[in-house]
file query33.cif (mmCIF, C-alpha atoms)
data_run
#
loop_
_atom_site.group_PDB
_atom_site.id
_atom_site.type_symbol
_atom_site.label_atom_id
_atom_site.label_comp_id
_atom_site.auth_asym_id
_atom_site.auth_seq_id
_atom_site.Cartn_x
_atom_site.Cartn_y
_atom_site.Cartn_z
ATOM 1 C CA MET A 139 -40.881 42.656 -26.968
ATOM 2 C CA THR A 140 -41.489 39.296 -28.669
ATOM 3 C CA ALA A 141 -43.918 38.827 -31.530
ATOM 4 C CA LEU A 142 -46.201 36.759 -29.286
ATOM 5 C CA GLY A 143 -46.272 39.588 -26.739
ATOM 6 C CA LEU A 144 -46.846 42.285 -29.338
ATOM 7 C CA ALA A 145 -49.605 40.533 -31.267
ATOM 8 C CA PRO A 146 -52.553 41.289 -28.965
ATOM 9 C CA LEU A 147 -51.427 44.900 -28.439
ATOM 10 C CA ALA A 148 -51.243 45.935 -32.095
ATOM 11 C CA PRO A 149 -54.967 46.656 -32.657
ATOM 12 C CA GLU A 150 -55.412 48.740 -29.503
ATOM 13 C CA LEU A 151 -52.268 50.716 -30.374
ATOM 14 C CA ASN A 152 -53.531 51.151 -33.962
ATOM 15 C CA MET A 153 -50.256 49.786 -35.332
ATOM 16 C CA ALA A 154 -49.371 48.016 -38.550
ATOM 17 C CA VAL A 155 -46.783 45.443 -37.488
ATOM 18 C CA MET A 156 -44.446 43.604 -39.868
ATOM 19 C CA ILE A 157 -42.752 40.616 -38.223
ATOM 20 C CA VAL A 158 -39.251 40.052 -39.577
ATOM 21 C CA ALA A 159 -38.161 36.720 -38.135
ATOM 22 C CA ALA A 160 -40.564 35.173 -35.590
ATOM 23 C CA ALA A 161 -41.703 31.856 -37.095
ATOM 24 C CA GLY A 162 -43.862 30.433 -34.292
ATOM 25 C CA MET A 163 -47.225 29.132 -35.495
ATOM 26 C CA PRO A 164 -49.527 31.036 -33.062
ATOM 27 C CA VAL A 165 -48.868 34.416 -34.739
ATOM 28 C CA THR A 166 -50.925 33.526 -37.819
ATOM 29 C CA HIS A 167 -53.203 31.027 -36.090
ATOM 30 C CA GLU A 168 -54.688 31.375 -32.585
ATOM 31 C CA LEU A 169 -53.122 34.820 -32.003
ATOM 32 C CA PHE A 170 -53.961 36.202 -35.438
ATOM 33 C CA ASN A 171 -55.213 39.740 -35.707
ATOM 34 C CA PRO A 172 -55.501 41.932 -38.830
ATOM 35 C CA ASN A 173 -52.810 44.407 -37.703
ATOM 36 C CA ILE A 174 -49.961 41.888 -38.000
ATOM 37 C CA PHE A 175 -48.215 40.474 -41.064
ATOM 38 C CA ARG A 176 -45.446 37.859 -41.012
ATOM 39 C CA ALA A 177 -42.713 38.650 -43.561
ATOM 40 C CA THR A 178 -40.996 35.277 -43.295
ATOM 41 C CA ALA A 179 -41.939 31.624 -43.657
ATOM 42 C CA ASN A 180 -43.573 30.126 -40.597
ATOM 43 C CA ASN A 181 -42.116 27.262 -38.610
ATOM 44 C CA TYR A 182 -44.088 24.568 -40.420
ATOM 45 C CA THR A 183 -43.399 25.780 -43.953
ATOM 46 C CA GLN A 184 -39.733 26.560 -43.335
ATOM 47 C CA TYR A 185 -38.622 23.391 -41.575
ATOM 48 C CA SER A 186 -40.848 21.013 -43.492
ATOM 49 C CA SER A 187 -39.204 22.437 -46.595
ATOM 50 C CA LEU A 188 -35.738 22.063 -45.065
ATOM 51 C CA GLY A 189 -36.485 18.421 -44.211
ATOM 52 C CA ARG A 190 -37.699 17.840 -47.755
ATOM 53 C CA VAL A 191 -34.541 19.364 -49.221
ATOM 54 C CA LEU A 192 -32.254 17.353 -46.950
ATOM 55 C CA ILE A 193 -33.799 13.984 -47.766
ATOM 56 C CA GLU A 194 -34.160 14.711 -51.494
ATOM 57 C CA GLN A 195 -30.543 15.846 -51.715
ATOM 58 C CA ASN A 196 -29.235 13.054 -49.464
ATOM 59 C CA PRO A 197 -31.443 10.017 -50.170
ATOM 60 C CA ASP A 198 -28.760 7.592 -48.985
ATOM 61 C CA VAL A 199 -29.018 8.903 -45.411
ATOM 62 C CA ARG A 200 -31.604 6.617 -43.845
ATOM 63 C CA THR A 201 -31.515 7.523 -40.136
ATOM 64 C CA TRP A 202 -32.014 11.077 -38.846
ATOM 65 C CA VAL A 203 -32.031 12.848 -35.504
ATOM 66 C CA SER A 204 -32.601 16.428 -34.328
ATOM 67 C CA LEU A 205 -30.867 18.574 -31.714
ATOM 68 C CA ALA A 206 -33.210 21.391 -30.728
ATOM 69 C CA PRO A 207 -33.816 23.953 -27.988
ATOM 70 C CA ASP A 208 -36.367 22.817 -25.412
ATOM 71 C CA GLY A 209 -39.168 25.266 -26.210
ATOM 72 C CA ASP A 210 -42.114 25.612 -28.572
ATOM 73 C CA PHE A 211 -39.984 26.662 -31.541
ATOM 74 C CA GLY A 212 -37.395 23.927 -31.068
ATOM 75 C CA ARG A 213 -39.891 21.138 -30.486
ATOM 76 C CA ASP A 214 -42.031 22.196 -33.440
ATOM 77 C CA SER A 215 -39.197 22.725 -35.922
ATOM 78 C CA ALA A 216 -37.710 19.315 -35.109
ATOM 79 C CA LEU A 217 -41.119 17.660 -35.446
ATOM 80 C CA PHE A 218 -41.837 19.339 -38.791
ATOM 81 C CA PHE A 219 -38.358 18.534 -40.110
ATOM 82 C CA GLY A 220 -38.671 14.863 -39.151
ATOM 83 C CA LYS A 221 -42.172 14.474 -40.598
ATOM 84 C CA ALA A 222 -40.977 15.912 -43.915
ATOM 85 C CA VAL A 223 -37.972 13.578 -44.010
ATOM 86 C CA GLU A 224 -40.367 10.648 -43.676
ATOM 87 C CA LYS A 225 -42.885 12.016 -46.186
ATOM 88 C CA TYR A 226 -40.528 13.025 -48.996
ATOM 89 C CA ALA A 227 -37.950 10.239 -48.793
ATOM 90 C CA PRO A 228 -37.662 8.205 -51.984
ATOM 91 C CA GLY A 229 -38.316 4.520 -51.508
ATOM 92 C CA GLU A 230 -38.475 2.994 -48.057
ATOM 93 C CA LYS A 231 -39.400 5.295 -45.174
ATOM 94 C CA PRO A 232 -36.305 6.410 -43.227
ATOM 95 C CA THR A 233 -35.950 6.261 -39.450
ATOM 96 C CA VAL A 234 -36.331 9.481 -37.472
ATOM 97 C CA LEU A 235 -35.054 9.137 -33.912
ATOM 98 C CA ASP A 236 -36.340 10.984 -30.853
ATOM 99 C CA THR A 237 -35.192 14.594 -30.647
ATOM 100 C CA ILE A 238 -32.315 15.462 -28.310
ATOM 101 C CA TYR A 239 -32.964 18.679 -26.396
ATOM 102 C CA THR A 240 -30.743 21.422 -25.044
ATOM 103 C CA GLN A 241 -31.087 25.065 -24.005
ATOM 104 C CA ALA A 242 -31.195 27.758 -26.675
ATOM 105 C CA THR A 243 -28.299 29.653 -25.072
ATOM 106 C CA ALA A 244 -26.242 26.655 -23.921
ATOM 107 C CA THR A 245 -22.454 26.753 -24.144
ATOM 108 C CA ASP A 246 -21.589 23.188 -23.089
ATOM 109 C CA PHE A 247 -22.869 20.443 -25.395
ATOM 110 C CA ARG A 248 -20.876 17.468 -24.117
ATOM 111 C CA THR A 249 -23.965 15.522 -23.012
ATOM 112 C CA GLN A 250 -25.826 16.105 -26.267
ATOM 113 C CA ILE A 251 -22.764 15.341 -28.403
ATOM 114 C CA ASN A 252 -22.308 12.034 -26.569
ATOM 115 C CA GLN A 253 -25.953 11.181 -27.270
ATOM 116 C CA LEU A 254 -25.547 12.038 -30.944
ATOM 117 C CA MET A 255 -22.327 10.056 -31.287
ATOM 118 C CA SER A 256 -23.882 6.968 -29.685
ATOM 119 C CA SER A 257 -26.998 7.114 -31.894
ATOM 120 C CA ASP A 258 -27.458 5.290 -35.208
ATOM 121 C CA ALA A 259 -28.148 8.533 -37.057
ATOM 122 C CA GLU A 260 -26.199 9.714 -40.094
ATOM 123 C CA GLY A 261 -28.287 12.829 -40.706
ATOM 124 C CA LEU A 262 -28.812 15.699 -38.271
ATOM 125 C CA TYR A 263 -31.050 18.744 -37.900
ATOM 126 C CA ILE A 264 -29.716 21.474 -35.589
ATOM 127 C CA GLY A 265 -32.361 23.815 -34.202
ATOM 128 C CA ILE A 266 -30.050 25.934 -32.061
ATOM 129 C CA ALA A 267 -28.895 29.236 -33.520
ATOM 130 C CA ALA A 268 -26.475 32.156 -33.181
ATOM 131 C CA SER A 269 -23.402 31.716 -30.964
ATOM 132 C CA ALA A 270 -24.783 28.528 -29.393
ATOM 133 C CA GLN A 271 -24.685 26.807 -32.776
ATOM 134 C CA ILE A 272 -21.092 27.876 -33.353
ATOM 135 C CA SER A 273 -20.086 26.566 -29.919
ATOM 136 C CA PHE A 274 -21.759 23.262 -30.759
ATOM 137 C CA PHE A 275 -19.839 22.865 -34.027
ATOM 138 C CA GLN A 276 -16.535 23.769 -32.380
ATOM 139 C CA GLN A 277 -17.045 21.129 -29.700
ATOM 140 C CA ALA A 278 -18.559 18.493 -32.007
ATOM 141 C CA ARG A 279 -15.823 18.612 -34.612
ATOM 142 C CA SER A 280 -13.134 17.808 -32.077
ATOM 143 C CA VAL A 281 -14.737 14.473 -31.188
ATOM 144 C CA GLY A 282 -15.367 13.235 -34.736
ATOM 145 C CA LEU A 283 -18.996 14.218 -35.269
ATOM 146 C CA TYR A 284 -18.182 15.407 -38.790
ATOM 147 C CA ASP A 285 -17.112 11.885 -39.717
ATOM 148 C CA LYS A 286 -20.304 10.371 -38.352
ATOM 149 C CA PHE A 287 -22.909 12.672 -39.918
ATOM 150 C CA LYS A 288 -23.077 12.667 -43.704
ATOM 151 C CA ALA A 289 -25.548 15.562 -43.895
ATOM 152 C CA ILE A 290 -26.524 18.340 -41.490
ATOM 153 C CA GLY A 291 -29.337 20.860 -41.776
ATOM 154 C CA GLU A 292 -29.384 23.930 -39.558
ATOM 155 C CA VAL A 293 -31.953 26.471 -38.482
ATOM 156 C CA GLY A 294 -30.677 29.463 -40.471
ATOM 157 C CA ASN A 295 -27.303 30.735 -39.213
ATOM 158 C CA GLY A 296 -25.921 30.286 -42.726
ATOM 159 C CA ASP A 297 -22.942 32.540 -43.406
ATOM 160 C CA ILE A 298 -22.672 33.427 -39.698
ATOM 161 C CA THR A 299 -21.607 29.859 -38.998
ATOM 162 C CA GLY A 300 -19.521 29.732 -42.185
ATOM 163 C CA LYS A 301 -17.541 32.835 -41.242
ATOM 164 C CA ALA A 302 -16.974 31.543 -37.705
ATOM 165 C CA MET A 303 -15.954 28.015 -38.711
ATOM 166 C CA GLY A 304 -14.097 28.763 -41.966
ATOM 167 C CA ARG A 305 -12.063 25.750 -43.023
ATOM 168 C CA ASN A 306 -13.692 23.815 -40.179
ATOM 169 C CA THR A 307 -17.188 24.069 -41.679
ATOM 170 C CA HIS A 308 -18.950 20.715 -42.065
ATOM 171 C CA PRO A 309 -18.567 19.612 -45.721
ATOM 172 C CA ASN A 310 -22.306 19.039 -46.253
ATOM 173 C CA LEU A 311 -24.057 21.710 -44.194
ATOM 174 C CA TRP A 312 -27.489 22.874 -45.376
ATOM 175 C CA SER A 313 -29.091 26.107 -44.180
ATOM 176 C CA VAL A 314 -32.263 28.129 -44.470
ATOM 177 C CA CYS A 315 -31.129 30.802 -46.933
ATOM 178 C CA HIS A 316 -32.451 34.365 -47.085
ATOM 179 C CA TRP A 317 -29.831 35.695 -49.497
ATOM 180 C CA ILE A 318 -26.442 34.994 -51.043
ATOM 181 C CA TYR A 319 -25.577 38.171 -52.919
ATOM 182 C CA ASN A 320 -23.113 36.530 -55.334
ATOM 183 C CA ALA A 321 -24.985 33.283 -56.060
ATOM 184 C CA GLU A 322 -27.923 32.594 -58.333
ATOM 185 C CA PRO A 323 -30.788 33.212 -58.360
ATOM 186 C CA PHE A 324 -29.874 36.270 -56.286
ATOM 187 C CA ALA A 325 -26.857 37.549 -58.227
ATOM 188 C CA SER A 326 -28.840 38.490 -61.338
ATOM 189 C CA ASN A 327 -31.879 39.831 -59.468
ATOM 190 C CA PRO A 328 -32.110 43.654 -59.827
ATOM 191 C CA VAL A 329 -33.426 44.117 -56.276
ATOM 192 C CA SER A 330 -30.587 41.998 -54.934
ATOM 193 C CA LYS A 331 -27.996 43.956 -56.909
ATOM 194 C CA GLN A 332 -29.350 47.260 -55.607
ATOM 195 C CA LEU A 333 -29.471 46.053 -52.013
ATOM 196 C CA TYR A 334 -25.867 44.869 -52.233
ATOM 197 C CA GLU A 335 -24.663 48.152 -53.714
ATOM 198 C CA ASP A 336 -26.550 50.199 -51.126
ATOM 199 C CA TYR A 337 -25.304 48.051 -48.258
ATOM 200 C CA VAL A 338 -21.662 48.272 -49.326
ATOM 201 C CA THR A 339 -21.944 52.039 -49.766
ATOM 202 C CA LEU A 340 -23.534 52.441 -46.344
ATOM 203 C CA LYS A 341 -21.441 49.972 -44.335
ATOM 204 C CA GLY A 342 -18.202 49.543 -46.267
ATOM 205 C CA ASP A 343 -18.599 45.784 -45.843
ATOM 206 C CA GLU A 344 -18.426 43.737 -49.043
ATOM 207 C CA MET A 345 -19.748 40.536 -47.432
ATOM 208 C CA PRO A 346 -23.226 41.309 -46.048
ATOM 209 C CA SER A 347 -24.967 38.722 -43.932
ATOM 210 C CA ALA A 348 -27.980 36.948 -45.376
ATOM 211 C CA GLN A 349 -29.981 38.370 -42.467
ATOM 212 C CA VAL A 350 -29.840 41.796 -44.158
ATOM 213 C CA ALA A 351 -32.314 40.529 -46.756
ATOM 214 C CA ALA A 352 -34.814 39.432 -44.105
ATOM 215 C CA GLY A 353 -35.030 42.965 -42.746
ATOM 216 C CA HIS A 354 -35.106 44.401 -46.265
ATOM 217 C CA ARG A 355 -38.079 42.206 -47.224
ATOM 218 C CA ALA A 356 -40.084 43.360 -44.199
ATOM 219 C CA ALA A 357 -39.263 47.016 -44.847
ATOM 220 C CA MET A 358 -40.246 46.708 -48.519
ATOM 221 C CA ALA A 359 -43.617 45.267 -47.490
ATOM 222 C CA ILE A 360 -44.363 48.352 -45.412
ATOM 223 C CA PHE A 361 -43.105 50.744 -48.101
ATOM 224 C CA GLU A 362 -45.111 49.026 -50.836
ATOM 225 C CA GLY A 363 -48.206 49.089 -48.644
ATOM 226 C CA ILE A 364 -47.848 52.823 -48.056
ATOM 227 C CA ARG A 365 -47.249 53.425 -51.767
ATOM 228 C CA ALA A 366 -50.291 51.376 -52.769
ATOM 229 C CA ALA A 367 -52.482 53.032 -50.133
ATOM 230 C CA GLY A 368 -51.323 56.541 -50.962
ATOM 231 C CA SER A 369 -51.477 57.119 -47.220
ATOM 232 C CA THR A 370 -49.769 56.341 -43.927
ATOM 233 C CA GLU A 371 -53.077 55.820 -42.111
ATOM 234 C CA THR A 372 -53.036 52.416 -40.431
ATOM 235 C CA GLU A 373 -56.304 51.033 -41.848
ATOM 236 C CA ALA A 374 -55.420 52.074 -45.385
ATOM 237 C CA VAL A 375 -51.942 50.571 -45.186
ATOM 238 C CA LEU A 376 -53.225 47.281 -43.726
ATOM 239 C CA ALA A 377 -55.769 46.928 -46.526
ATOM 240 C CA ALA A 378 -53.173 47.741 -49.178
ATOM 241 C CA ILE A 379 -50.600 45.254 -47.900
ATOM 242 C CA GLU A 380 -53.155 42.455 -48.250
ATOM 243 C CA ASP A 381 -53.268 43.095 -51.997
ATOM 244 C CA VAL A 382 -49.680 43.986 -52.922
ATOM 245 C CA GLU A 383 -47.206 41.732 -54.658
ATOM 246 C CA PHE A 384 -43.691 43.116 -54.606
ATOM 247 C CA GLU A 385 -40.182 42.155 -55.660
ATOM 248 C CA THR A 386 -37.488 41.061 -53.219
ATOM 249 C CA VAL A 387 -33.956 39.677 -53.508
ATOM 250 C CA GLY A 388 -35.513 36.234 -53.925
ATOM 251 C CA GLY A 389 -38.291 37.152 -56.347
ATOM 252 C CA PRO A 390 -41.938 38.202 -55.994
ATOM 253 C CA VAL A 391 -43.780 37.779 -52.690
ATOM 254 C CA SER A 392 -47.273 38.450 -51.367
ATOM 255 C CA PHE A 393 -49.328 37.854 -48.234
ATOM 256 C CA ARG A 394 -52.174 35.392 -47.834
ATOM 257 C CA LYS A 395 -55.268 37.496 -47.106
ATOM 258 C CA GLU A 396 -56.811 35.099 -44.620
ATOM 259 C CA ASP A 397 -53.946 35.084 -42.094
ATOM 260 C CA HIS A 398 -51.311 37.554 -43.394
ATOM 261 C CA GLN A 399 -48.710 34.825 -43.845
ATOM 262 C CA LEU A 400 -45.992 35.527 -46.437
ATOM 263 C CA VAL A 401 -46.115 33.330 -49.528
ATOM 264 C CA ASN A 402 -42.865 33.232 -51.482
ATOM 265 C CA THR A 403 -40.093 31.037 -52.784
ATOM 266 C CA ASN A 404 -37.970 29.620 -49.980
ATOM 267 C CA TYR A 405 -34.284 28.899 -50.526
ATOM 268 C CA TYR A 406 -31.865 26.435 -48.929
ATOM 269 C CA SER A 407 -28.103 26.506 -49.386
ATOM 270 C CA GLN A 408 -25.389 23.885 -49.088
ATOM 271 C CA MET A 409 -21.958 24.995 -47.915
ATOM 272 C CA GLY A 410 -18.616 23.549 -46.938
ATOM 273 C CA PRO A 411 -14.992 24.520 -46.363
ATOM 274 C CA SER A 412 -12.938 26.390 -48.961
ATOM 275 C CA ARG A 413 -9.227 26.981 -49.549
ATOM 276 C CA GLU A 414 -9.907 30.627 -50.397
ATOM 277 C CA GLU A 415 -11.093 33.443 -48.174
ATOM 278 C CA PRO A 416 -13.413 33.503 -46.285
ATOM 279 C CA PHE A 417 -12.525 29.787 -46.167
ATOM 280 C CA PHE A 418 -16.091 28.530 -46.565
ATOM 281 C CA ALA A 419 -18.200 28.468 -49.717
ATOM 282 C CA PHE A 420 -21.806 28.071 -50.780
ATOM 283 C CA ASN A 421 -21.898 25.253 -53.316
ATOM 284 C CA LYS A 422 -25.583 24.912 -54.144
ATOM 285 C CA VAL A 423 -28.901 26.738 -53.713
ATOM 286 C CA VAL A 424 -32.206 24.831 -53.892
ATOM 287 C CA SER A 425 -35.634 26.467 -54.023
ATOM 288 C CA ILE A 426 -39.094 25.327 -52.937
ATOM 289 C CA ASP A 427 -42.301 27.215 -53.659
ATOM 290 C CA ALA A 428 -43.993 27.888 -50.325
ATOM 291 C CA ALA A 429 -47.367 27.266 -51.980
ATOM 292 C CA GLU A 430 -46.412 23.569 -52.160
ATOM 293 C CA MET A 431 -45.664 23.352 -48.432
ATOM 294 C CA ILE A 432 -47.786 25.895 -46.583
ATOM 295 C CA GLU A 433 -50.540 24.731 -44.239
ATOM 296 C CA PRO A 434 -54.175 25.834 -44.675
ATOM 297 C CA ALA A 435 -55.062 29.208 -43.168
ATOM 298 C CA THR A 436 -56.916 28.861 -39.859
ATOM 299 C CA PRO A 437 -56.820 32.335 -38.275
ATOM 300 C CA GLY A 438 -58.045 32.210 -34.678
ATOM 301 C CA LYS A 439 -57.455 28.444 -34.404
ATOM 302 C CA ALA A 440 -54.316 26.675 -33.172
ATOM 303 C CA PHE A 441 -52.295 24.789 -35.783
ATOM 304 C CA ASP A 442 -52.459 20.990 -35.467
ATOM 305 C CA ILE A 443 -50.148 18.994 -37.715
ATOM 306 C CA SER A 444 -52.211 15.854 -37.150
ATOM 307 C CA GLU A 445 -55.005 17.439 -39.223
ATOM 308 C CA LEU A 446 -52.780 17.559 -42.330
ATOM 309 C CA PRO A 447 -52.253 14.692 -44.795
ATOM 310 C CA GLN A 448 -49.227 12.704 -43.679
#

call {"tool": "encode", "arguments": {"input": "query33.cif", "output": "structure tokens"}}
result
Amino acid sequence: MTALGLAPLAPELNMAVMIVAAAGMPVTHELFNPNIFRATANNYTQYSSLGRVLIEQNPDVRTWVSLAPDGDFGRDSALFFGKAVEKYAPGEKPTVLDTIYTQATATDFRTQINQLMSSDAEGLYIGIAASAQISFFQQARSVGLYDKFKAIGEVGNGDITGKAMGRNTHPNLWSVCHWIYNAEPFASNPVSKQLYEDYVTLKGDEMPSAQVAAGHRAAMAIFEGIRAAGSTETEAVLAAIEDVEFETVGGPVSFRKEDHQLVNTNYYSQMGPSREEPFFAFNKVVSIDAAEMIEPATPGKAFDISELPQ
């Protein structure tokens, strides 16, 4: 069941629900209810921040375009990314071209790649994820897209794409980053160290995916709520979670009381190919405090970006 489908059912089922990954705006806006917490950045905060990072790190790229799935998430993330590129660019305002759309589970990207190659853009946001993103990169590289685009930001595949592409990873690929166990600021974080040790012991895999940390953060929120409440009763746990601040692999986090949106430090990583196994490498991690980017809380009311300062 999706987060949007679960949201209205949580109160009648007397459940405390911790959302791990769903970033769509309605969950903490028009569909808000007090039984649900979102343990990840929402669409606006996450992809506005990614757009800010991309333009601040690549100020020479003056024309941008997005490739996104044709749905609420894809349309919104591309819009938020593009608005941030315009807002945070140093000097003259860059050009953000109309978004190119595809299907979230597409396997053939020839039409979209042709559109990208014929555009004036030198910077790209990719809103497709999982295996579809890998298929896109495999097809795009063979026709010279890597030479055309100086900087690429992607929705959050991170090491999944790196492991799949290896030496064929784009040399300036930026990702939403939940965790890189052997890079700062994660490597010296005690929670991160413990999670890595526990994961390796449990799975025998010495290269955990960043997605492990997303699930860990959500689980810790529930555990800390139960500990603070001294109870597993739903109402007590819900009230306790509103007040807890707890440590994660990326530092302390808490929830905004008004709409139960996570407030934390968000991280973005730059990676490229490597000569050593696993043949891709993370070269840089940049952080942005969500408090600088998050929209005002409006529980019960739909989010409207036009109401924010531009």

call {"tool": "resolve_selection", "arguments": {"input": "query33.cif", "expression": "the PyMOL selection byres ((chain A and resi 141) around 8)", "output": "MDAnalysis selection string"}}
result
chainID A and resid 139:140 142:145 157 160 165

call {"tool": "resolve_selection", "arguments": {"input": "query33.cif", "expression": "the PyMOL selection byres ((chain A and resi 235-238) around 12)", "output": "number ranges by chain"}}
result
A: 200-208, 212-221, 223-224, 232-234, 239-241, 247, 249-255, 257-266

call {"tool": "closest_residue", "arguments": {"input": "query33.cif", "among": "A:Leu311, A:Val191, A:Ala302, A:Ala352", "to": "Phe287 (chain A)", "atoms": "only C-alpha atoms"}}
result
A:Leu311

call {"tool": "resolve_selection", "arguments": {"input": "query33.cif", "expression": "the PyMOL selection byres ((chain A and resi 405) around 12)", "output": "number ranges by chain"}}
result
A: 178-179, 183-185, 187-188, 190-191, 294, 296, 312-318, 321-324, 348, 387-389, 402-404, 406-408, 422-428

call {"tool": "atom_distance", "arguments": {"input": "query33.cif", "atom1": "CA of Asp381 (chain A)", "atom2": "CA of Phe393 (chain A)"}}
result
7.6 Å

call {"tool": "atom_distance", "arguments": {"input": "query33.cif", "atom1": "CA of Ile379 (chain A)", "atom2": "CA of Ala154 (chain A)"}}
result
9.8 Å

call {"tool": "closest_residue", "arguments": {"input": "query33.cif", "among": "A:Thr436, A:Asn295, A:Thr307, A:Asn173", "to": "Asp397 (chain A)", "atoms": "all atoms listed in the file"}}
result
A:Thr436

call {"tool": "atom_distance", "arguments": {"input": "query33.cif", "atom1": "CA of Leu400 (chain A)", "atom2": "CA of Arg176 (chain A)"}}
result
5.9 Å

call {"tool": "residues_around", "arguments": {"input": "query33.cif", "residues": "Tyr334 (chain A)", "least_positions_apart": "5", "cutoff": "9 Å", "atoms": "all atoms listed in the file", "output": "compact mmCIF listing (two decimals) with C-alpha atoms, in the frame of the given file"}}
result
# COMPACT_ATOMS: atom_id res chain seq x y z
CA TYR A 319 -25.58 38.17 -52.92
CA VAL A 329 -33.43 44.12 -56.28
CA THR A 339 -21.94 52.04 -49.77
CA GLU A 344 -18.43 43.74 -49.04
CA MET A 345 -19.75 40.54 -47.43
CA PRO A 346 -23.23 41.31 -46.05

call {"tool": "closest_residue", "arguments": {"input": "query33.cif", "among": "A:Asn327, A:Ala419, A:Gly410, A:Ile360", "to": "Ala177 (chain A)", "atoms": "all atoms listed in the file"}}
result
A:Ile360

call {"tool": "closest_residue", "arguments": {"input": "query33.cif", "among": "A:Asp246, A:Glu230, A:Glu168, A:Glu292", "to": "Pro146 (chain A)", "atoms": "only C-alpha atoms"}}
result
A:Glu168

call {"tool": "residues_around", "arguments": {"input": "query33.cif", "residues": "Ala377 (chain A)", "least_positions_apart": "2", "cutoff": "12 Å", "atoms": "all atoms listed in the file", "output": "list of chain:residue names"}}
result
A:Ala154, A:Pro172, A:Asn173, A:Ile174, A:Phe175, A:Ile360, A:Glu362, A:Gly363, A:Ile364, A:Arg365, A:Ala366, A:Ala367, A:Gly368, A:Ser369, A:Thr370, A:Glu371, A:Thr372, A:Glu373, A:Ala374, A:Val375, A:Ile379, A:Glu380, A:Asp381, A:Val382, A:Phe393, A:Lys395, A:His398

call {"tool": "residues_around", "arguments": {"input": "query33.cif", "residues": "Pro197 (chain A)", "least_positions_apart": "6", "cutoff": "9 Å", "atoms": "all atoms listed in the file", "output": "list in words"}}
result
Ala227, Pro228 and Gly229 of chain A

call {"tool": "write_last_selection", "arguments": {"input": "query33.cif", "atoms": "C-alpha atoms", "output": "mmCIF file, in the coordinates of the input"}}
result
data_model
loop_
_atom_site.group_PDB
_atom_site.id
_atom_site.type_symbol
_atom_site.label_atom_id
_atom_site.label_comp_id
_atom_site.auth_asym_id
_atom_site.auth_seq_id
_atom_site.Cartn_x
_atom_site.Cartn_y
_atom_site.Cartn_z
ATOM 1 C CA ALA A 227 -37.950 10.239 -48.793
ATOM 2 C CA PRO A 228 -37.662 8.205 -51.984
ATOM 3 C CA GLY A 229 -38.316 4.520 -51.508
#

call {"tool": "residues_around", "arguments": {"input": "query33.cif", "residues": "Ala278 (chain A)", "least_positions_apart": "4", "cutoff": "9 Å", "atoms": "only C-alpha atoms", "output": "PyMOL selection string"}}
result
chain A and resi 247-248+251+273-274+282-284

call {"tool": "write_last_selection", "arguments": {"input": "query33.cif", "atoms": "C-alpha atoms", "output": "tab-separated table (two decimals), in the frame of the given file"}}
result
chain	number	residue	atom	x	y	z
A	247	PHE	CA	-22.87	20.44	-25.40
A	248	ARG	CA	-20.88	17.47	-24.12
A	251	ILE	CA	-22.76	15.34	-28.40
A	273	SER	CA	-20.09	26.57	-29.92
A	274	PHE	CA	-21.76	23.26	-30.76
A	282	GLY	CA	-15.37	13.24	-34.74
A	283	LEU	CA	-19.00	14.22	-35.27
A	284	TYR	CA	-18.18	15.41	-38.79

call {"tool": "axis_aligned_box", "arguments": {"input": "query33.cif", "around": "region 397-403 of chain A", "padding_each_side": "4 Å", "output": "lines of an AutoDock Vina configuration file"}}
result
center_x = -47.0
center_y = 34.3
center_z = -47.4
size_x = 21.9
size_y = 14.5
size_z = 18.7

call {"tool": "decode", "arguments": {"input": "query33.cif", "residues": "region 366-391 of chain A", "atoms": "C-alpha atoms", "output": "PDB file, in the first residue's frame"}}
result
ATOM      1  CA  ALA A 366      10.464   8.227  25.556  1.00  0.00           C
ATOM      2  CA  ALA A 367       6.832   7.217  26.079  1.00  0.00           C
ATOM      3  CA  GLY A 368       7.673   4.261  28.293  1.00  0.00           C
ATOM      4  CA  SER A 369       4.825   2.526  26.494  1.00  0.00           C
ATOM      5  CA  THR A 370       3.787   0.947  23.209  1.00  0.00           C
ATOM      6  CA  GLU A 371       0.304   2.483  23.347  1.00  0.00           C
ATOM      7  CA  THR A 372      -0.332   4.383  20.122  1.00  0.00           C
ATOM      8  CA  GLU A 373      -1.362   7.742  21.625  1.00  0.00           C
ATOM      9  CA  ALA A 374       1.592   7.789  24.001  1.00  0.00           C
ATOM     10  CA  VAL A 375       4.077   6.925  21.268  1.00  0.00           C
ATOM     11  CA  LEU A 376       2.668   9.551  18.875  1.00  0.00           C
ATOM     12  CA  ALA A 377       2.957  12.254  21.529  1.00  0.00           C
ATOM     13  CA  ALA A 378       6.498  11.201  22.418  1.00  0.00           C
ATOM     14  CA  ILE A 379       7.748  11.171  18.829  1.00  0.00           C
ATOM     15  CA  GLU A 380       6.671  14.800  18.441  1.00  0.00           C
ATOM     16  CA  ASP A 381       9.150  15.773  21.155  1.00  0.00           C
ATOM     17  CA  VAL A 382      12.137  13.476  20.589  1.00  0.00           C
ATOM     18  CA  GLU A 383      15.419  14.444  19.006  1.00  0.00           C
ATOM     19  CA  PHE A 384      17.586  11.454  18.206  1.00  0.00           C
ATOM     20  CA  GLU A 385      20.897  10.633  16.559  1.00  0.00           C
ATOM     21  CA  THR A 386      21.190   9.063  13.115  1.00  0.00           C
ATOM     22  CA  VAL A 387      24.040   8.262  10.726  1.00  0.00           C
ATOM     23  CA  GLY A 388      23.797  11.848   9.490  1.00  0.00           C
ATOM     24  CA  GLY A 389      23.460  13.589  12.849  1.00  0.00           C
ATOM     25  CA  PRO A 390      20.538  14.680  15.039  1.00  0.00           C
ATOM     26  CA  VAL A 391      16.994  14.785  13.655  1.00  0.00           C
TER      27      VAL A 391
END
